[in-house]
file entry-v5.cif (mmCIF, C-alpha atoms, pLDDT in the B column; chains and numbers go by the auth columns)
data_work
#
loop_
_atom_site.group_PDB
_atom_site.id
_atom_site.type_symbol
_atom_site.label_atom_id
_atom_site.label_comp_id
_atom_site.label_asym_id
_atom_site.label_seq_id
_atom_site.Cartn_x
_atom_site.Cartn_y
_atom_site.Cartn_z
_atom_site.B_iso_or_equiv
_atom_site.auth_seq_id
_atom_site.auth_asym_id
ATOM 1 C CA MET A 1 0.000 0.000 0.000 37.00 1 A
ATOM 2 C CA SER A 2 1.386 3.407 -0.888 38.00 2 A
ATOM 3 C CA ARG A 3 2.118 5.905 1.844 35.00 3 A
ATOM 4 C CA ARG A 4 -0.686 8.156 0.587 40.00 4 A
ATOM 5 C CA CYS A 5 -3.221 5.293 0.760 38.00 5 A
ATOM 6 C CA ALA A 6 -2.025 4.353 4.234 33.00 6 A
ATOM 7 C CA LEU A 7 -2.462 7.935 5.454 32.00 7 A
ATOM 8 C CA LEU A 8 -5.944 8.111 3.953 37.00 8 A
ATOM 9 C CA ALA A 9 -6.892 4.797 5.564 35.00 9 A
ATOM 10 C CA TRP A 10 -5.555 5.982 8.936 34.00 10 A
ATOM 11 C CA ALA A 11 -7.476 9.268 8.656 34.00 11 A
ATOM 12 C CA LEU A 12 -10.694 7.419 7.786 36.00 12 A
ATOM 13 C CA LEU A 13 -10.278 5.058 10.744 33.00 13 A
ATOM 14 C CA ALA A 14 -9.615 8.001 13.056 37.00 14 A
ATOM 15 C CA LEU A 15 -12.731 9.828 11.801 36.00 15 A
ATOM 16 C CA LEU A 16 -14.842 6.731 12.341 36.00 16 A
ATOM 17 C CA GLY A 17 -13.403 6.177 15.804 39.00 17 A
ATOM 18 C CA LEU A 18 -11.925 2.815 14.821 35.00 18 A
ATOM 19 C CA GLY A 19 -8.222 3.594 15.046 37.00 19 A
ATOM 20 C CA ALA A 20 -5.849 2.191 17.633 36.00 20 A
ATOM 21 C CA ALA A 21 -5.766 5.528 19.451 37.00 21 A
ATOM 22 C CA GLN A 22 -9.471 5.210 20.240 39.00 22 A
ATOM 23 C CA LYS A 23 -9.645 3.297 23.538 54.00 23 A
ATOM 24 C CA ASP A 24 -12.600 0.927 23.847 66.00 24 A
ATOM 25 C CA CYS A 25 -14.630 1.725 26.944 75.00 25 A
ATOM 26 C CA GLY A 26 -16.068 -1.757 27.086 77.00 26 A
ATOM 27 C CA PRO A 27 -19.758 -2.306 27.667 83.00 27 A
ATOM 28 C CA ILE A 28 -21.365 0.617 29.500 94.00 28 A
ATOM 29 C CA VAL A 29 -25.046 0.365 30.304 97.00 29 A
ATOM 30 C CA SER A 30 -26.559 3.802 29.777 96.00 30 A
ATOM 31 C CA ARG A 31 -28.924 5.382 32.276 97.00 31 A
ATOM 32 C CA GLN A 32 -31.737 4.626 29.851 97.00 32 A
ATOM 33 C CA GLY A 33 -30.539 1.015 29.676 97.00 33 A
ATOM 34 C CA TRP A 34 -30.992 0.486 33.423 97.00 34 A
ATOM 35 C CA LYS A 35 -34.123 2.641 33.542 98.00 35 A
ATOM 36 C CA ALA A 36 -32.698 5.359 35.780 98.00 36 A
ATOM 37 C CA GLN A 37 -34.869 8.162 37.086 97.00 37 A
ATOM 38 C CA ALA A 38 -34.086 11.505 35.470 97.00 38 A
ATOM 39 C CA SER A 39 -31.221 13.325 37.155 97.00 39 A
ATOM 40 C CA ARG A 40 -31.782 16.678 38.835 97.00 40 A
ATOM 41 C CA CYS A 41 -28.023 17.339 39.109 97.00 41 A
ATOM 42 C CA SER A 42 -26.474 20.340 37.415 95.00 42 A
ATOM 43 C CA GLN A 43 -22.955 20.838 38.826 96.00 43 A
ATOM 44 C CA ARG A 44 -20.342 20.039 36.191 97.00 44 A
ATOM 45 C CA LEU A 45 -16.937 18.452 36.777 97.00 45 A
ATOM 46 C CA ARG A 46 -13.920 20.376 35.536 96.00 46 A
ATOM 47 C CA GLN A 47 -11.995 18.044 33.218 96.00 47 A
ATOM 48 C CA PRO A 48 -9.675 16.360 32.970 98.00 48 A
ATOM 49 C CA VAL A 49 -10.125 14.934 36.455 98.00 49 A
ATOM 50 C CA ARG A 50 -7.052 13.860 38.418 98.00 50 A
ATOM 51 C CA TYR A 51 -8.617 11.558 41.028 98.00 51 A
ATOM 52 C CA VAL A 52 -10.774 8.433 41.003 98.00 52 A
ATOM 53 C CA VAL A 53 -12.314 7.206 44.261 98.00 53 A
ATOM 54 C CA VAL A 54 -13.210 3.504 44.357 98.00 54 A
ATOM 55 C CA SER A 55 -15.907 2.334 46.769 98.00 55 A
ATOM 56 C CA HIS A 56 -18.409 -0.463 47.258 98.00 56 A
ATOM 57 C CA THR A 57 -22.126 -0.044 47.804 97.00 57 A
ATOM 58 C CA ALA A 58 -22.011 -2.501 50.747 94.00 58 A
ATOM 59 C CA GLY A 59 -25.369 -3.792 49.532 92.00 59 A
ATOM 60 C CA SER A 60 -26.571 -6.753 47.538 92.00 60 A
ATOM 61 C CA VAL A 61 -24.408 -8.230 44.822 91.00 61 A
ATOM 62 C CA CYS A 62 -25.729 -8.646 41.318 95.00 62 A
ATOM 63 C CA VAL A 63 -24.529 -11.236 38.837 96.00 63 A
ATOM 64 C CA THR A 64 -26.803 -10.841 35.810 96.00 64 A
ATOM 65 C CA PRO A 65 -27.646 -7.762 33.750 97.00 65 A
ATOM 66 C CA ALA A 66 -31.239 -7.874 35.023 97.00 66 A
ATOM 67 C CA SER A 67 -30.196 -8.075 38.693 97.00 67 A
ATOM 68 C CA CYS A 68 -27.542 -5.371 38.236 97.00 68 A
ATOM 69 C CA GLN A 69 -30.023 -3.030 36.562 98.00 69 A
ATOM 70 C CA GLN A 70 -32.343 -3.549 39.523 97.00 70 A
ATOM 71 C CA GLN A 71 -29.525 -2.994 41.994 97.00 71 A
ATOM 72 C CA ALA A 72 -28.515 0.253 40.241 98.00 72 A
ATOM 73 C CA ARG A 73 -32.147 1.404 40.551 98.00 73 A
ATOM 74 C CA ASN A 74 -32.138 0.400 44.233 97.00 74 A
ATOM 75 C CA VAL A 75 -29.004 2.460 44.897 97.00 75 A
ATOM 76 C CA GLN A 76 -30.446 5.432 43.031 98.00 76 A
ATOM 77 C CA HIS A 77 -33.737 5.146 44.929 98.00 77 A
ATOM 78 C CA TYR A 78 -31.885 5.147 48.257 97.00 78 A
ATOM 79 C CA HIS A 79 -29.728 8.140 47.307 98.00 79 A
ATOM 80 C CA VAL A 80 -32.624 10.195 45.908 98.00 80 A
ATOM 81 C CA GLN A 81 -35.543 9.193 48.133 96.00 81 A
ATOM 82 C CA GLN A 82 -33.788 8.527 51.450 97.00 82 A
ATOM 83 C CA LEU A 83 -30.809 10.892 51.302 97.00 83 A
ATOM 84 C CA GLY A 84 -32.442 13.621 49.204 97.00 84 A
ATOM 85 C CA TRP A 85 -29.662 13.784 46.603 97.00 85 A
ATOM 86 C CA CYS A 86 -30.231 14.922 43.018 98.00 86 A
ATOM 87 C CA ASP A 87 -29.289 11.477 41.618 98.00 87 A
ATOM 88 C CA VAL A 88 -27.347 8.310 42.359 98.00 88 A
ATOM 89 C CA GLY A 89 -24.156 9.489 44.048 98.00 89 A
ATOM 90 C CA TYR A 90 -21.627 7.611 41.924 98.00 90 A
ATOM 91 C CA ASN A 91 -20.380 8.512 38.479 98.00 91 A
ATOM 92 C CA PHE A 92 -20.291 4.820 37.557 98.00 92 A
ATOM 93 C CA LEU A 93 -21.310 1.523 39.158 98.00 93 A
ATOM 94 C CA ILE A 94 -19.663 -1.828 38.448 98.00 94 A
ATOM 95 C CA GLY A 95 -21.685 -5.041 38.443 97.00 95 A
ATOM 96 C CA GLU A 96 -20.457 -8.573 39.008 97.00 96 A
ATOM 97 C CA ASP A 97 -21.882 -9.258 35.547 96.00 97 A
ATOM 98 C CA GLY A 98 -18.805 -7.459 34.159 96.00 98 A
ATOM 99 C CA LEU A 99 -20.711 -4.393 32.999 97.00 99 A
ATOM 100 C CA VAL A 100 -20.330 -0.725 33.866 98.00 100 A
ATOM 101 C CA TYR A 101 -23.510 1.156 34.725 98.00 101 A
ATOM 102 C CA GLU A 102 -23.559 4.885 34.020 98.00 102 A
ATOM 103 C CA GLY A 103 -24.415 6.917 37.100 98.00 103 A
ATOM 104 C CA ARG A 104 -23.729 10.634 36.896 98.00 104 A
ATOM 105 C CA GLY A 105 -21.210 9.942 34.139 97.00 105 A
ATOM 106 C CA TRP A 106 -17.983 11.743 33.298 97.00 106 A
ATOM 107 C CA ASN A 107 -19.347 15.280 33.337 96.00 107 A
ATOM 108 C CA THR A 108 -21.312 15.700 36.582 97.00 108 A
ATOM 109 C CA ILE A 109 -19.999 16.106 40.120 98.00 109 A
ATOM 110 C CA GLY A 110 -20.836 13.061 42.223 97.00 110 A
ATOM 111 C CA ALA A 111 -21.858 12.654 45.862 97.00 111 A
ATOM 112 C CA HIS A 112 -19.581 9.805 46.895 96.00 112 A
ATOM 113 C CA SER A 113 -16.642 11.088 48.940 96.00 113 A
ATOM 114 C CA GLY A 114 -17.494 14.327 50.718 94.00 114 A
ATOM 115 C CA ALA A 115 -17.214 18.024 49.952 95.00 115 A
ATOM 116 C CA THR A 116 -13.444 17.998 49.424 96.00 116 A
ATOM 117 C CA TRP A 117 -13.226 15.054 47.015 97.00 117 A
ATOM 118 C CA ASN A 118 -16.520 15.099 45.103 97.00 118 A
ATOM 119 C CA PRO A 119 -15.678 18.157 42.940 97.00 119 A
ATOM 120 C CA ILE A 120 -12.233 16.824 41.992 98.00 120 A
ATOM 121 C CA SER A 121 -12.872 13.122 41.446 98.00 121 A
ATOM 122 C CA ILE A 122 -14.835 10.464 39.628 98.00 122 A
ATOM 123 C CA GLY A 123 -16.584 8.011 41.953 98.00 123 A
ATOM 124 C CA ILE A 124 -16.712 4.363 40.893 98.00 124 A
ATOM 125 C CA SER A 125 -18.611 1.961 43.131 98.00 125 A
ATOM 126 C CA PHE A 126 -18.665 -1.818 42.914 98.00 126 A
ATOM 127 C CA MET A 127 -22.162 -3.131 43.621 98.00 127 A
ATOM 128 C CA GLY A 128 -21.798 -5.493 46.555 96.00 128 A
ATOM 129 C CA LYS A 129 -19.885 -5.868 49.803 97.00 129 A
ATOM 130 C CA TYR A 130 -16.201 -6.729 49.522 98.00 130 A
ATOM 131 C CA MET A 131 -14.966 -7.098 53.086 97.00 131 A
ATOM 132 C CA ASP A 132 -14.460 -10.871 52.941 97.00 132 A
ATOM 133 C CA ARG A 133 -14.440 -11.604 49.224 96.00 133 A
ATOM 134 C CA ALA A 134 -13.106 -9.996 46.076 97.00 134 A
ATOM 135 C CA PRO A 135 -15.202 -8.927 43.100 98.00 135 A
ATOM 136 C CA PRO A 136 -14.961 -11.363 40.176 97.00 136 A
ATOM 137 C CA ALA A 137 -12.321 -10.839 37.502 97.00 137 A
ATOM 138 C CA GLN A 138 -14.820 -9.551 34.941 96.00 138 A
ATOM 139 C CA ALA A 139 -15.928 -6.768 37.297 97.00 139 A
ATOM 140 C CA LEU A 140 -12.327 -5.725 37.979 97.00 140 A
ATOM 141 C CA LYS A 141 -11.585 -5.767 34.255 96.00 141 A
ATOM 142 C CA ALA A 142 -14.645 -3.622 33.543 96.00 142 A
ATOM 143 C CA ALA A 143 -13.455 -0.988 36.022 97.00 143 A
ATOM 144 C CA GLN A 144 -9.919 -0.987 34.618 96.00 144 A
ATOM 145 C CA SER A 145 -11.227 -0.674 31.049 96.00 145 A
ATOM 146 C CA LEU A 146 -13.404 2.249 32.103 97.00 146 A
ATOM 147 C CA LEU A 147 -10.410 4.014 33.656 97.00 147 A
ATOM 148 C CA ALA A 148 -8.208 3.424 30.600 95.00 148 A
ATOM 149 C CA CYS A 149 -11.007 4.750 28.405 95.00 149 A
ATOM 150 C CA GLY A 150 -11.434 7.825 30.611 96.00 150 A
ATOM 151 C CA ALA A 151 -7.743 8.634 30.327 96.00 151 A
ATOM 152 C CA ALA A 152 -7.648 7.966 26.564 95.00 152 A
ATOM 153 C CA ARG A 153 -10.657 10.200 25.947 95.00 153 A
ATOM 154 C CA GLY A 154 -9.406 13.051 28.131 96.00 154 A
ATOM 155 C CA TYR A 155 -11.890 12.734 31.001 97.00 155 A
ATOM 156 C CA LEU A 156 -9.037 11.757 33.341 98.00 156 A
ATOM 157 C CA THR A 157 -5.531 13.175 33.391 97.00 157 A
ATOM 158 C CA PRO A 158 -2.878 10.783 32.005 96.00 158 A
ATOM 159 C CA ASN A 159 -1.366 10.601 35.507 96.00 159 A
ATOM 160 C CA TYR A 160 -4.716 10.162 37.300 97.00 160 A
ATOM 161 C CA GLU A 161 -4.606 8.731 40.815 98.00 161 A
ATOM 162 C CA ILE A 162 -6.829 6.030 42.254 98.00 162 A
ATOM 163 C CA LYS A 163 -7.847 6.305 45.897 98.00 163 A
ATOM 164 C CA GLY A 164 -9.815 3.894 48.005 98.00 164 A
ATOM 165 C CA HIS A 165 -12.891 5.405 49.614 98.00 165 A
ATOM 166 C CA ARG A 166 -11.248 4.778 53.014 97.00 166 A
ATOM 167 C CA ASP A 167 -8.259 6.858 51.889 97.00 167 A
ATOM 168 C CA VAL A 168 -10.411 9.995 51.680 97.00 168 A
ATOM 169 C CA GLN A 169 -13.139 9.402 54.304 97.00 169 A
ATOM 170 C CA GLN A 170 -13.529 7.470 57.527 97.00 170 A
ATOM 171 C CA THR A 171 -15.223 4.332 56.199 97.00 171 A
ATOM 172 C CA LEU A 172 -14.613 0.628 55.617 97.00 172 A
ATOM 173 C CA SER A 173 -15.380 1.085 51.922 97.00 173 A
ATOM 174 C CA PRO A 174 -14.344 -0.298 49.454 98.00 174 A
ATOM 175 C CA GLY A 175 -14.064 -3.347 51.714 97.00 175 A
ATOM 176 C CA ASP A 176 -10.853 -5.076 52.762 98.00 176 A
ATOM 177 C CA LYS A 177 -10.577 -7.444 49.786 98.00 177 A
ATOM 178 C CA LEU A 178 -11.300 -4.841 47.093 98.00 178 A
ATOM 179 C CA TYR A 179 -8.973 -2.373 48.820 98.00 179 A
ATOM 180 C CA GLU A 180 -6.138 -4.915 48.706 98.00 180 A
ATOM 181 C CA ILE A 181 -6.712 -5.315 44.962 98.00 181 A
ATOM 182 C CA ILE A 182 -6.845 -1.632 44.003 98.00 182 A
ATOM 183 C CA GLN A 183 -3.620 -0.982 45.932 97.00 183 A
ATOM 184 C CA GLN A 184 -1.916 -3.130 43.271 97.00 184 A
ATOM 185 C CA TRP A 185 -3.284 -1.090 40.348 97.00 185 A
ATOM 186 C CA PRO A 186 -0.673 1.127 38.674 94.00 186 A
ATOM 187 C CA HIS A 187 -2.463 4.439 39.330 96.00 187 A
ATOM 188 C CA TYR A 188 -3.202 3.783 43.014 96.00 188 A
ATOM 189 C CA ARG A 189 -1.681 6.394 45.342 91.00 189 A
ATOM 190 C CA ARG A 190 -2.147 6.625 49.084 83.00 190 A
ATOM 191 C CA VAL A 191 -3.188 10.095 50.315 71.00 191 A
#
call {"tool": "encode", "arguments": {"input": "entry-v5.cif", "output": "structure tokens"}}
result
Amino acid sequence: MSRRCALLAWALLALLGLGAAQKDCGPIVSRQGWKAQASRCSQRLRQPVRYVVVSHTAGSVCVTPASCQQQARNVQHYHVQQLGWCDVGYNFLIGEDGLVYEGRGWNTIGAHSGATWNPISIGISFMGKYMDRAPPAQALKAAQSLLACGAARGYLTPNYEIKGHRDVQQTLSPGDKLYEIIQQWPHYRRV
């Protein structure tokens, strides 16, 4: 293939979002996909974001798309109806089915880690309780793919830092087993 043809092919792939530079975000279930209530949130995150706070919901686990969609709705209901928040507190939720569930998304300030950390971080919460057991490999992979995608697409800084929820607030979250795992991830930094 001539150099000119190769450049044209590369440009076409880049325009279509199919080139190697385009990082796959993996399967993300949209808010519509899990039948979320409409958000009443309006505060925008300033991007790129430097910090990611990883937590667990400390509630029921979900292992199928149907059960994870229901669990995402349960978390949102608790946050909105019981706590009076404008939406589910997390930017993203991770199910044991290996899927990412869009919460507030990349652009909206979450309510996951307190007044200091919410405006400067993305909150990712694993649905379940991970004190005595680790999330399955597909859930961990989904979270890591989401983070790589966020960095590749400019939502996160290239040198973003992962924190455990317990690193930024007095809590047992993200659970002992999940905390041990995220401490091994390359972007993890203790406060």
call {"tool": "resolve_selection", "arguments": {"input": "entry-v5.cif", "expression": "the PyMOL selection byres ((chain A and resi 178) around 8)", "output": "ChimeraX atom specification"}}
result
/A:130-131,133-135,174-177,179-182
call {"tool": "residues_around", "arguments": {"input": "entry-v5.cif", "residues": "Lys129 in chain A", "least_positions_apart": "6", "cutoff": "8 Å", "atoms": "all atoms listed in the file", "output": "ChimeraX atom specification"}}
result
/A:56-61,174-175
call {"tool": "residues_around", "arguments": {"input": "entry-v5.cif", "residues": "Leu93 in chain A", "least_positions_apart": "2", "cutoff": "6 Å", "atoms": "all atoms listed in the file", "output": "PyMOL selection string"}}
result
chain A and resi 100-101+124-126
call {"tool": "residues_around", "arguments": {"input": "entry-v5.cif", "residues": "range 107-110 of chain A", "least_positions_apart": "4", "cutoff": "6 Å", "atoms": "only C-alpha atoms", "output": "PyMOL selection string"}}
result
chain A and resi 43-45+89-91+118-119
call {"tool": "resolve_selection", "arguments": {"input": "entry-v5.cif", "expression": "the PyMOL selection byres ((chain A and resi 73) around 10)", "output": "list in words"}}
result
Arg31, Trp34, Lys35, Ala36, Gln37, Ser67, Cys68, Gln69, Gln70, Gln71, Ala72, Asn74, Val75, Gln76, His77, Tyr78, His79 and Val88 of chain A
call {"tool": "closest_residue", "arguments": {"input": "entry-v5.cif", "among": "A:Ala66, A:Val53, A:Arg153, A:Arg104", "to": "Cys41 in chain A", "atoms": "only C-alpha atoms"}}
result
A:Arg104
call {"tool": "atom_distance", "arguments": {"input": "entry-v5.cif", "atom1": "CA of Leu140 in chain A", "atom2": "CA of Ile94 in chain A"}}
result
8.3 Å
call {"tool": "closest_residue", "arguments": {"input": "entry-v5.cif", "among": "A:Val49, A:Cys149, A:Val191, A:Cys86", "to": "Asp167 in chain A", "atoms": "only C-alpha atoms"}}
result
A:Val191
call {"tool": "decode", "arguments": {"input": "entry-v5.cif", "residues": "range 44-159 of chain A", "atoms": "C-alpha atoms", "output": "short mmCIF file (atom, residue, chain, number, x, y, z; two decimals), in the first residue's frame"}}
result
data_model
loop_
_atom_site.label_atom_id
_atom_site.label_comp_id
_atom_site.auth_asym_id
_atom_site.auth_seq_id
_atom_site.Cartn_x
_atom_site.Cartn_y
_atom_site.Cartn_z
CA ARG A 44 -20.34 20.04 36.19
CA LEU A 45 -16.94 18.45 36.78
CA ARG A 46 -13.92 20.38 35.54
CA GLN A 47 -11.99 18.04 33.22
CA PRO A 48 -9.67 16.36 32.97
CA VAL A 49 -10.12 14.93 36.46
CA ARG A 50 -7.05 13.86 38.42
CA TYR A 51 -8.62 11.56 41.03
CA VAL A 52 -10.77 8.43 41.00
CA VAL A 53 -12.31 7.21 44.26
CA VAL A 54 -13.21 3.50 44.36
CA SER A 55 -15.91 2.33 46.77
CA HIS A 56 -18.41 -0.46 47.26
CA THR A 57 -22.13 -0.04 47.80
CA ALA A 58 -22.01 -2.50 50.75
CA GLY A 59 -25.37 -3.79 49.53
CA SER A 60 -26.57 -6.75 47.54
CA VAL A 61 -24.41 -8.23 44.82
CA CYS A 62 -25.73 -8.65 41.32
CA VAL A 63 -24.53 -11.24 38.84
CA THR A 64 -26.80 -10.84 35.81
CA PRO A 65 -27.65 -7.76 33.75
CA ALA A 66 -31.24 -7.87 35.02
CA SER A 67 -30.20 -8.07 38.69
CA CYS A 68 -27.54 -5.37 38.24
CA GLN A 69 -30.02 -3.03 36.56
CA GLN A 70 -32.34 -3.55 39.52
CA GLN A 71 -29.52 -2.99 41.99
CA ALA A 72 -28.51 0.25 40.24
CA ARG A 73 -32.15 1.40 40.55
CA ASN A 74 -32.14 0.40 44.23
CA VAL A 75 -29.00 2.46 44.90
CA GLN A 76 -30.45 5.43 43.03
CA HIS A 77 -33.74 5.15 44.93
CA TYR A 78 -31.89 5.15 48.26
CA HIS A 79 -29.73 8.14 47.31
CA VAL A 80 -32.62 10.19 45.91
CA GLN A 81 -35.54 9.19 48.13
CA GLN A 82 -33.79 8.53 51.45
CA LEU A 83 -30.81 10.89 51.30
CA GLY A 84 -32.44 13.62 49.20
CA TRP A 85 -29.66 13.78 46.60
CA CYS A 86 -30.23 14.92 43.02
CA ASP A 87 -29.29 11.48 41.62
CA VAL A 88 -27.35 8.31 42.36
CA GLY A 89 -24.16 9.49 44.05
CA TYR A 90 -21.63 7.61 41.92
CA ASN A 91 -20.38 8.51 38.48
CA PHE A 92 -20.29 4.82 37.56
CA LEU A 93 -21.31 1.52 39.16
CA ILE A 94 -19.66 -1.83 38.45
CA GLY A 95 -21.68 -5.04 38.44
CA GLU A 96 -20.46 -8.57 39.01
CA ASP A 97 -21.88 -9.26 35.55
CA GLY A 98 -18.80 -7.46 34.16
CA LEU A 99 -20.71 -4.39 33.00
CA VAL A 100 -20.33 -0.73 33.87
CA TYR A 101 -23.51 1.16 34.72
CA GLU A 102 -23.56 4.89 34.02
CA GLY A 103 -24.41 6.92 37.10
CA ARG A 104 -23.73 10.63 36.90
CA GLY A 105 -21.21 9.94 34.14
CA TRP A 106 -17.98 11.74 33.30
CA ASN A 107 -19.35 15.28 33.34
CA THR A 108 -21.31 15.70 36.58
CA ILE A 109 -20.00 16.11 40.12
CA GLY A 110 -20.84 13.06 42.22
CA ALA A 111 -21.86 12.65 45.86
CA HIS A 112 -19.58 9.81 46.90
CA SER A 113 -16.64 11.09 48.94
CA GLY A 114 -17.49 14.33 50.72
CA ALA A 115 -17.21 18.02 49.95
CA THR A 116 -13.44 18.00 49.42
CA TRP A 117 -13.23 15.05 47.02
CA ASN A 118 -16.52 15.10 45.10
CA PRO A 119 -15.68 18.16 42.94
CA ILE A 120 -12.23 16.82 41.99
CA SER A 121 -12.87 13.12 41.45
CA ILE A 122 -14.83 10.46 39.63
CA GLY A 123 -16.58 8.01 41.95
CA ILE A 124 -16.71 4.36 40.89
CA SER A 125 -18.61 1.96 43.13
CA PHE A 126 -18.67 -1.82 42.91
CA MET A 127 -22.16 -3.13 43.62
CA GLY A 128 -21.80 -5.49 46.56
CA LYS A 129 -19.89 -5.87 49.80
CA TYR A 130 -16.20 -6.73 49.52
CA MET A 131 -14.97 -7.10 53.09
CA ASP A 132 -14.46 -10.87 52.94
CA ARG A 133 -14.44 -11.60 49.22
CA ALA A 134 -13.11 -10.00 46.08
CA PRO A 135 -15.20 -8.93 43.10
CA PRO A 136 -14.96 -11.36 40.18
CA ALA A 137 -12.32 -10.84 37.50
CA GLN A 138 -14.82 -9.55 34.94
CA ALA A 139 -15.93 -6.77 37.30
CA LEU A 140 -12.33 -5.72 37.98
CA LYS A 141 -11.58 -5.77 34.25
CA ALA A 142 -14.64 -3.62 33.54
CA ALA A 143 -13.45 -0.99 36.02
CA GLN A 144 -9.92 -0.99 34.62
CA SER A 145 -11.23 -0.67 31.05
CA LEU A 146 -13.40 2.25 32.10
CA LEU A 147 -10.41 4.01 33.66
CA ALA A 148 -8.21 3.42 30.60
CA CYS A 149 -11.01 4.75 28.41
CA GLY A 150 -11.43 7.82 30.61
CA ALA A 151 -7.74 8.63 30.33
CA ALA A 152 -7.65 7.97 26.56
CA ARG A 153 -10.66 10.20 25.95
CA GLY A 154 -9.41 13.05 28.13
CA TYR A 155 -11.89 12.73 31.00
CA LEU A 156 -9.04 11.76 33.34
CA THR A 157 -5.53 13.18 33.39
CA PRO A 158 -2.88 10.78 32.01
CA ASN A 159 -1.37 10.60 35.51
#
